[in-house]
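Colleague: One structure, as structure tokens, below. Some questions next.
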Amino acid sequence: MPDSQPQPSPSSSSSSSGSPSGSSSSSSPGQPEGTALLLCGARLTDGRTVDVRLSGGRIEAVGTAGSLTDGGNGGPGAHAARVDLCGYLLLPAPAEPHAHGDTALSADVDGPVSYDTEDVQRRATEAALLQLGYGATALRSHVHVGDVQGLGALGAVLQAGRSLRGLVELTAVAMPRLLTGVAGADGLAILRDAVKMGASVVGGRPDLDPDPTGYVEAVLEIASEHGCPVDLHVDGSDPARLGRLAAMAGGLRPGVTLGPCGGLGRLPAEAAARAADQLAAAGISVVCLPQGGCGGADDRGTAPVRLLRAAGVRVAAGSGSLRDVSNPVGRGDPLEAAYLLASRHGLRAEDAYDTVSTSARKVLGLPEVRVEAGFPSELLAVRGDRLAGALSLAYSRIVVHRGRVVARTSAVREYCNSAAAAAPDLPRQGRGEPS
């Protein structure tokens with residue numbers, strides 16, 4: 001896709017790579033926090049063309065195109081910055097429920113991945129900005145703790161999150177390697193320290209521990225102690241083990257997420273359906289990774305999303321590895337994840353987008369977003385007029401977080417002069433004002 005990626009400085013309040021056709025200069029991503037913003041002429045998925053006024057981090061009003069003024073509740077004489085979204089589809093912003101910030105962007109590094117704190121912070125920051133440019137205004141990053149990494153990688157990812165505050169919400173999952181037996185004692189201590197340090201989710205890979213059931217028990221105990229969610233890497237190819245996990249984790253609040261569960265897709269249909277019913281009964285969410293796995297060949301394959309959704313399981317889609325050794329070409333684009341679920345797994349475009357937006361936000365414990373008054377102003381504008389087309393050709397994007405433009409990607413397609421290129425009824429994107 002011919003996108004030009006926004007590359008803001010970590011300390012910057014903006015990210016920009018050009019402006020959309022017809023946008024005013026007052027709508028640059030440098031818009032101060034707290035000011036109102038008026039999005040003009042956006043198209044919604046139901047076909048309406050609307051103006052949307054944002055203020056105080058929320059959607060203040062939605063009206064027919066041209067019906068809203070740029071005043072608001074910002075006080076006497078307050079005026080909103082204006083963004084012309086003619087030709088854009090306005091959507092709830094995506095969220096990224098499964099990233100790996102500590103190893104991201106390390107595929108081209110010679111030798112072992114560096115866990116120097118400065119290197120990890122730089123990679124995690126750049127990866128978060130790349131995904132923000134694609135539209136994800138909230139990200140959950142799984143981070144290894146213990147062993148060689150200690151708590152250094154976690155500290156670096158948490159610091160990256162602090163440096164990005166106001167641009168994107170970045171939270172961390174602590175992933176210890178071992179939690180059982182003599183060797184797991186250090187892992188237990190480090191996991192508790194990781195939560196105290198700021199990891200808001202506990203997780204890991206139970207299948208790598210000599211006692212996977214004991215590993216899950218330890219994670220659930222620590223999660224219960226601290227009242228935090230659980231997010232575990234599980235392949236799902238062992239239905240008996242998955243059933244035990246569902247029985248152990250059922251009802252835990254604030255929730256349990258499993259991913260990528262690619263092995264579920266390799267099970268016989270009856271066994272997979274039974275496992276899906278167990279996950280649904282336990283209230284466990286599944287995050288699939290249609291763009292590729294993470295952490296090894298065992299994670300390859302995509303969970304059977306239609307089967308899981310039919311059973312009542314909440315299914316979100318994440319990116320997994322972003323250009324690390326597990327997926328050297330990982331893109332981290334949530335719209336690509338939705339596109340793959342629609343094109344390869346038979347989901348309707350609306351359901352596919354739900355996995356990277358509404359369902360992903362629920363997995364992250366975030367409030368719902370709709371393009372309606374009163375909802376959080378976490379929005380993505382994509383050039384196009386239909387959702388299916390946006391998933392196919394999502395080149396130009398404008399990202400809104402907490403009511404202000406924080407990232408912009410503007411792509412222009414041009415053709416050489418010819419009779420075909422000059423035909424007035426052919427679609428085009430140009431630099432000038434819309435006709």
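Following the order of the structure tokens, first chain is A, next is B, and so on, with residues numbered from 1 inside each chain and ligands from 1 in the order they appear.
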Show me, as a PyMOL selection string, the residues that have an atom within 10 Å of Arg306 (chain A) when counting only C-alpha atoms, minus same-chain residues fewer than 4 positions from it.
Modeller: chain A and resi 310-313+315+341+345-347+351
Colleague: Next, the residues of the selection above should be written as a compact mmCIF listing (two decimals), in the first residue's frame with N, CA and C atoms.
Modeller:
# COMPACT_ATOMS: atom_id res chain seq x y z
N ALA A 310 -19.77 -17.54 16.42
CA ALA A 310 -21.07 -18.22 16.45
C ALA A 310 -21.36 -18.82 17.81
N ALA A 311 -20.30 -19.22 18.53
CA ALA A 311 -20.47 -19.80 19.86
C ALA A 311 -20.68 -18.72 20.93
N GLY A 312 -20.48 -17.46 20.56
CA GLY A 312 -20.65 -16.38 21.52
C GLY A 312 -19.36 -15.89 22.15
N VAL A 313 -18.21 -16.29 21.60
CA VAL A 313 -16.93 -15.82 22.10
C VAL A 313 -16.63 -14.44 21.52
N VAL A 315 -14.32 -12.10 19.88
CA VAL A 315 -13.09 -12.27 19.10
C VAL A 315 -12.58 -10.91 18.65
N LEU A 341 -9.46 -10.95 7.57
CA LEU A 341 -10.60 -11.70 8.11
C LEU A 341 -11.78 -11.68 7.15
N HIS A 345 -11.43 -15.30 5.62
CA HIS A 345 -12.18 -16.05 6.62
C HIS A 345 -13.69 -15.79 6.55
N GLY A 346 -14.13 -15.08 5.55
CA GLY A 346 -15.55 -14.98 5.27
C GLY A 346 -16.36 -14.06 6.16
N LEU A 347 -15.72 -13.17 6.91
CA LEU A 347 -16.48 -12.23 7.72
C LEU A 347 -16.99 -11.08 6.85
N ASP A 351 -18.31 -6.93 10.39
CA ASP A 351 -17.88 -7.82 11.47
C ASP A 351 -16.35 -7.86 11.56
Colleague: If you run DSSP on this backbone, which residues of region 6-253 of chain A come out as alpha helix (DSSP H), and could you give them as a count of residues only?
Modeller: 73
Colleague: List as a Markdown table every residue of region 143-182 of chain A that is in contact with region 190-202 of chain A, defined as an atom at most 9 Å from one of its atoms (using only C-alpha atoms), together with the nearest atom pair and the distance in Å rounded to one decimal, sorted by chain and then rising number.
Modeller:
| residue | atom | partner | partner_atom | distance |
| --- | --- | --- | --- | --- |
| A:Val145 | CA | A:Ile190 | CA | 7.1 |
| A:Gly146 | CA | A:Ile190 | CA | 6.3 |
| A:Gly150 | CA | A:Ile190 | CA | 7.6 |
| A:Leu151 | CA | A:Ala194 | CA | 6.9 |
| A:Leu154 | CA | A:Ala194 | CA | 7.6 |
| A:Gly155 | CA | A:Met197 | CA | 7.7 |
| A:Leu158 | CA | A:Gly198 | CA | 7.2 |
| A:Thr171 | CA | A:Ser200 | CA | 6.7 |
| A:Ala172 | CA | A:Ala199 | CA | 5.1 |
| A:Val173 | CA | A:Val201 | CA | 4.6 |
| A:Ala174 | CA | A:Val202 | CA | 5.1 |
| A:Met175 | CA | A:Val202 | CA | 6.8 |
| A:Pro176 | CA | A:Leu191 | CA | 6.6 |
| A:Leu179 | CA | A:Leu191 | CA | 8.9 |
Colleague: Between CA of Asp385 (chain A) and CA of Ala316 (chain A), what is the spacing in Å?
Modeller: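 Going from CA of Ala316 (chain A) over to CA of Asp385 (chain A), I get 24.2 Å.
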Colleague: Would you please work out which residue, of A:Leu264, A:Ala273, A:Val219, A:Val256, is nearest to Arg241 (chain A) when using only C-alpha atoms?
Modeller: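 Checking each candidate against Arg241 (chain A), we get A:Leu264 as the closest.
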Colleague: Go ahead and compute the interatomic distance for CA of Asp51 (chain A) and CA of Val405 (chain A), in Å to one decimal.
Modeller: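 It comes out at 15.6 Å.
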Colleague: Using only C-alpha atoms, which protein or nucleic acid residues come within 8 Å of Arg140 (chain A)? Drop anything in the same chain fewer than 2 positions from it, and give the result as a PyMOL selection string.
Modeller: chain A and resi 96-99+138+142+170-173+364
Colleague: I'd like to know which of A:Ala338, A:Ala272, A:Ala128, A:Leu379 is closest to Ser392 (chain A), using only C-alpha atoms.
Modeller: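 With only C-alpha atoms as the atom set, the closest residue is A:Ala338.
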Colleague: How would you write, as number ranges by chain, the set of residues in region 101-319 of chain A that DSSP gives as strand (DSSP E or B)?
Modeller: A: 138-146, 150, 169-176, 201-204, 230-234, 256-260, 285-288, 315-317
Colleague: Can you tell me which residues surround Leu393 (chain A) at a distance of at most 12 Å, considering only C-alpha atoms, apart from same-chain residues fewer than 4 positions away, and format the answer as a list in words?
Modeller: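 Everything that qualifies: Met1, Pro2, Asp3, Tyr88, Leu89, Leu335, Glu336, Tyr339, Val382, Arg383, Gly384, Asp385, Arg386, Leu387, Ala388, Gly389, Arg397, Ala411, Arg413 and Gln429 of chain A.
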Colleague: For each of A:Ser377, A:Thr35, A:Ser224, A:Ser321, take the minimum atom-to-atom distance to Thr137 (chain A), counting only C-alpha atoms, then give the residue where this is smallest.
Modeller: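 Answer, going by the shortest atom-to-atom distance: A:Ser377.
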Colleague: In Å, how far is it from CA of Asp209 (chain A) to CA of Leu178 (chain A)?
Modeller: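 So the answer is 5.4 Å.
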Colleague: So, with only C-alpha atoms as the atoms that count, which of A:Asp211, A:Leu252, A:Glu350, A:Ser410 lies closest to Asp231 (chain A)?
Modeller: A:Leu252
Colleague: For Pro367 (chain A), please output as a list in words all residues within 10 Å (counting only C-alpha atoms; exclusion window: fewer than 6 positions along the same chain).
Modeller: Thr358, Arg361, Phe375 and Pro376 of chain A
